[in-house]
Amino acid sequence: MSRYYDFFCPVKLMAGEQALEQLPDALRGLGAGRPLLLTDKGVSGSGLATLLADVMAEGALPVAAIWDEIPADSSTAVVERIARHYRELGCDSLLALGGGSVIDTAKAVNILATLGGERLLDYAGADCLTRPLNPLAVVPTTAGTGSEVTLVAVIKDEGSGRKVPFTSPFLLPRLAVLDPRFTLGLPLPITAATAMDAMTHAIEAFIGNGKNPVSDALALMAVEKIATALPRVLAHPTDKGLRLQLAEGSTLAGMAFSNSMVGLVHALGHSLGARCHLPHGLCMNLFLPTVLDYNRPGIDPELARLLLPLVGPERFAATPAEGRPQATIEALQALRDTLWQTVKLPRTLREAGLTDKALLPGIRDLAINDGALLYNRKDADRDQLLVLLERAWE
């Protein structure tokens, strides 16, 4: 781990049961006068887009239009179409209401809307943006991706089909609203999968090569909030306090991993998701304990420290110091068992519906080239990656 680190997250968070009502004034304070609201058909059909538009109108900052045709796997063509619409309407700011795909799309639209041009790929890569972008406010409807506080957008290239990353501090939204009204209706299987995505963000931020004291503090609090709220929200899905805890945990984890990066769980999960079209949070849940065990004993001090936010002070104190790393992995396995029993969130590749082990070498070949491997504490070669995939099979 480096003796030098930096930490950057200039996003204003507005959190709580009346957080949304603060948004018009905050967005106006950034110079916005004509925002375009971006969302998807599912969120729009739930009435949440209308709720947001009504609050904006009551706050004397009405949205210019609602664009609700963002697909689950957004693309360069979608981004370019919305950017043209933004210009035609004379907009000067963006509102993103949705999950990771909507938020990433809004970030990418903001590039073209601010910097001009017709072709998004002209701005692909790291640090290719030259100046601040127009105001972007984000209202997440899932508690998992942390995209509201990250400086990355990933968009599918319509031509090649590959996922293209865009990375710049200027991609960070200016405002993020964490209001439990927007996650209350999230189905429990998706609630569980997205929460485990956030849990993985926090844990990998805490155990990886890029860890630092600031990201550590955020990651530990994220683990505590998620571990405390997730089992309870399954029994009380309309509890606003628990929904807010999950949203806060996701955002804290996003702030942590955006600065300290993720590792081998993500390398395998990205590759499984790309090859088998499985949801990202589900993939994180599959690989988390297996990868933690693989990284031992080098991460044992961190695993021991994670036990406290995972299980609370009484169980932590009752566990002998030398047993705490293993107890952490067992606590995560127990949480996954609970999620399998209650909402059928898969714990193994077989439970996820995979039937052909011949897929595994192809997933391994994608994972070996994933940049997240650089931040994993322990190296993994092609043979080791295949062994890990086989361990996650059943």
# chains A, B, ... in the order shown; residues from 1 in each chain; ligands from 1
>>> closest_atom_pairs(of="stretch 144-205 of chain A", to="stretch 235-256 of chain A", cutoff="7 Å", atoms="only C-alpha atoms", output="CSV")
residue,atom,partner,partner_atom,distance
A:Gly144,CA,A:Ser250,CA,5.1
A:Thr145,CA,A:Ser250,CA,6.7
A:Gly146,CA,A:Gly254,CA,4.2
A:Ser147,CA,A:Gly254,CA,6.7
A:Val149,CA,A:Met255,CA,5.8
A:Thr150,CA,A:Gly254,CA,6.3
A:Leu178,CA,A:Ala247,CA,6.4
A:Asp179,CA,A:Leu244,CA,6.8
A:Pro180,CA,A:Leu244,CA,5.1
A:Thr183,CA,A:Arg243,CA,6.6
A:Leu184,CA,A:Thr238,CA,5.5
A:Ala195,CA,A:Leu246,CA,6.9
A:Ala198,CA,A:Ser250,CA,5.0
A:His201,CA,A:Ala253,CA,5.6
A:Ala202,CA,A:Ala253,CA,4.6
A:Ala205,CA,A:Ala256,CA,6.1
>>> residues_around(residues="A:Phe170", least_positions_apart="5", cutoff="12 Å", atoms="only C-alpha atoms", output="list in words")
Phe8, Cys9, Pro10, Val11, Lys107, Ala108, Asn110, Ile111, Thr114, Leu115, Ala126, Asp127, Cys128, Leu129, Thr130, Arg131, Pro132, Leu133, Asn134, Pro135, Leu136, Val149, Thr150, Leu151, Val152 and Ala153 of chain A
>>> closest_residue(among="A:Ala137, A:Ile363, A:Leu121, A:Leu389", to="A:Val154", atoms="only C-alpha atoms")
A:Leu121
>>> atom_distance(atom1="atom CA of A:Pro35", atom2="atom CA of A:Asp73")
23.5 Å
>>> select_by_dssp(residues="stretch 3-234 of chain A", states="strand (DSSP E or B)", output="VMD selection string")
chain A and resid 12 to 15 35 to 38 65 to 67 75 93 to 98 125 to 126 136 to 140 152 to 156 163 to 167 175 to 178
>>> closest_atom_pairs(of="stretch 289-309 of chain A", to="stretch 328-339 of chain A", cutoff="9 Å", atoms="only C-alpha atoms", output="JSON lines")
{"residue": "A:Pro289", "atom": "CA", "partner": "A:Ile329", "partner_atom": "CA", "distance": 5.8}
{"residue": "A:Thr290", "atom": "CA", "partner": "A:Ile329", "partner_atom": "CA", "distance": 8.8}
{"residue": "A:Leu292", "atom": "CA", "partner": "A:Ile329", "partner_atom": "CA", "distance": 7.3}
{"residue": "A:Asp293", "atom": "CA", "partner": "A:Ile329", "partner_atom": "CA", "distance": 7.4}
{"residue": "A:Leu303", "atom": "CA", "partner": "A:Thr328", "partner_atom": "CA", "distance": 6.2}
{"residue": "A:Ala304", "atom": "CA", "partner": "A:Thr328", "partner_atom": "CA", "distance": 6.8}
{"residue": "A:Arg305", "atom": "CA", "partner": "A:Thr328", "partner_atom": "CA", "distance": 8.8}
{"residue": "A:Leu306", "atom": "CA", "partner": "A:Thr328", "partner_atom": "CA", "distance": 6.7}
{"residue": "A:Leu307", "atom": "CA", "partner": "A:Thr328", "partner_atom": "CA", "distance": 5.0}
{"residue": "A:Leu308", "atom": "CA", "partner": "A:Thr328", "partner_atom": "CA", "distance": 8.8}
>>> write_last_selection(atoms="N, CA and C atoms", output="mmCIF file, in the first residue's frame")
data_model
loop_
_atom_site.group_PDB
_atom_site.id
_atom_site.type_symbol
_atom_site.label_atom_id
_atom_site.label_comp_id
_atom_site.auth_asym_id
_atom_site.auth_seq_id
_atom_site.Cartn_x
_atom_site.Cartn_y
_atom_site.Cartn_z
ATOM 1 N N PRO A 289 -17.290 -14.514 -0.568
ATOM 2 C CA PRO A 289 -16.560 -15.318 0.428
ATOM 3 C C PRO A 289 -15.394 -16.104 -0.175
ATOM 4 N N THR A 290 -15.592 -16.630 -1.391
ATOM 5 C CA THR A 290 -14.540 -17.419 -2.043
ATOM 6 C C THR A 290 -13.278 -16.593 -2.249
ATOM 7 N N LEU A 292 -12.444 -13.768 -0.636
ATOM 8 C CA LEU A 292 -11.863 -13.384 0.659
ATOM 9 C C LEU A 292 -10.996 -14.510 1.206
ATOM 10 N N ASP A 293 -11.494 -15.736 1.095
ATOM 11 C CA ASP A 293 -10.725 -16.878 1.569
ATOM 12 C C ASP A 293 -9.426 -17.028 0.766
ATOM 13 N N LEU A 303 -9.791 -8.518 7.722
ATOM 14 C CA LEU A 303 -10.952 -9.372 7.971
ATOM 15 C C LEU A 303 -11.345 -9.334 9.447
ATOM 16 N N ALA A 304 -10.352 -9.360 10.322
ATOM 17 C CA ALA A 304 -10.641 -9.305 11.757
ATOM 18 C C ALA A 304 -11.343 -8.001 12.114
ATOM 19 N N ARG A 305 -10.910 -6.913 11.501
ATOM 20 C CA ARG A 305 -11.513 -5.597 11.788
ATOM 21 C C ARG A 305 -12.944 -5.513 11.255
ATOM 22 N N LEU A 306 -13.222 -6.220 10.152
ATOM 23 C CA LEU A 306 -14.560 -6.178 9.559
ATOM 24 C C LEU A 306 -15.598 -6.915 10.399
ATOM 25 N N LEU A 307 -15.153 -7.789 11.301
ATOM 26 C CA LEU A 307 -16.114 -8.564 12.087
ATOM 27 C C LEU A 307 -16.998 -7.666 12.944
ATOM 28 N N LEU A 308 -16.427 -6.606 13.506
ATOM 29 C CA LEU A 308 -17.198 -5.727 14.399
ATOM 30 C C LEU A 308 -18.406 -5.102 13.692
#
>>> closest_residue(among="A:Ala274, A:Met261, A:Met221, A:Ala32", to="A:Pro62", atoms="only C-alpha atoms")
A:Ala32
>>> select_by_dssp(residues="stretch 214-394 of chain A", states="alpha helix (DSSP H)", output="PyMOL selection string")
chain A and resi 214-235+240-260+264-276+280-295+300-311+313-318+324-343+360-367+382-391
>>> closest_residue(among="A:Lys378, A:Gly281, A:Phe7, A:Arg275", to="A:Pro361", atoms="only C-alpha atoms")
A:Arg275
>>> atom_distance(atom1="atom CA of A:Gly33", atom2="atom CA of A:Asp122")
28.1 Å
>>> atom_distance(atom1="atom CA of A:Cys283", atom2="atom CA of A:Ala267")
10.3 Å
>>> closest_residue(among="A:Gly159, A:Trp393, A:Ile299, A:Ala193", to="A:Arg324", atoms="only C-alpha atoms")
A:Ile299
>>> residues_around(residues="A:Leu359", least_positions_apart="3", cutoff="10 Å", atoms="only C-alpha atoms", output="list in words")
Leu272, Arg275, Cys276, Leu354, Thr355, Asp356, Gly362, Ile363 and Arg364 of chain A
>>> closest_residue(among="A:Leu175, A:Leu268, A:Pro140, A:Ala15", to="A:Ser93", atoms="only C-alpha atoms")
A:Leu175
>>> residues_around(residues="A:Thr141", least_positions_apart="3", cutoff="7 Å", atoms="only C-alpha atoms", output="CSV table (one decimal) with N, CA and C atoms, in the first residue's frame")
chain,number,residue,atom,x,y,z
A,97,LEU,N,-32.8,10.0,-12.4
A,97,LEU,CA,-33.7,9.3,-11.5
A,97,LEU,C,-33.7,7.8,-11.8
A,98,GLY,N,-33.0,7.0,-11.1
A,98,GLY,CA,-32.9,5.5,-11.4
A,98,GLY,C,-31.7,4.8,-10.8
A,99,GLY,N,-31.4,3.7,-11.4
A,99,GLY,CA,-30.2,2.9,-11.0
A,99,GLY,C,-29.0,3.2,-11.8
A,182,PHE,N,-37.8,6.7,-2.5
A,182,PHE,CA,-37.5,6.3,-3.9
A,182,PHE,C,-36.9,4.8,-3.9
A,183,THR,N,-36.8,4.2,-2.8
A,183,THR,CA,-36.4,2.8,-2.8
A,183,THR,C,-37.4,1.9,-2.1
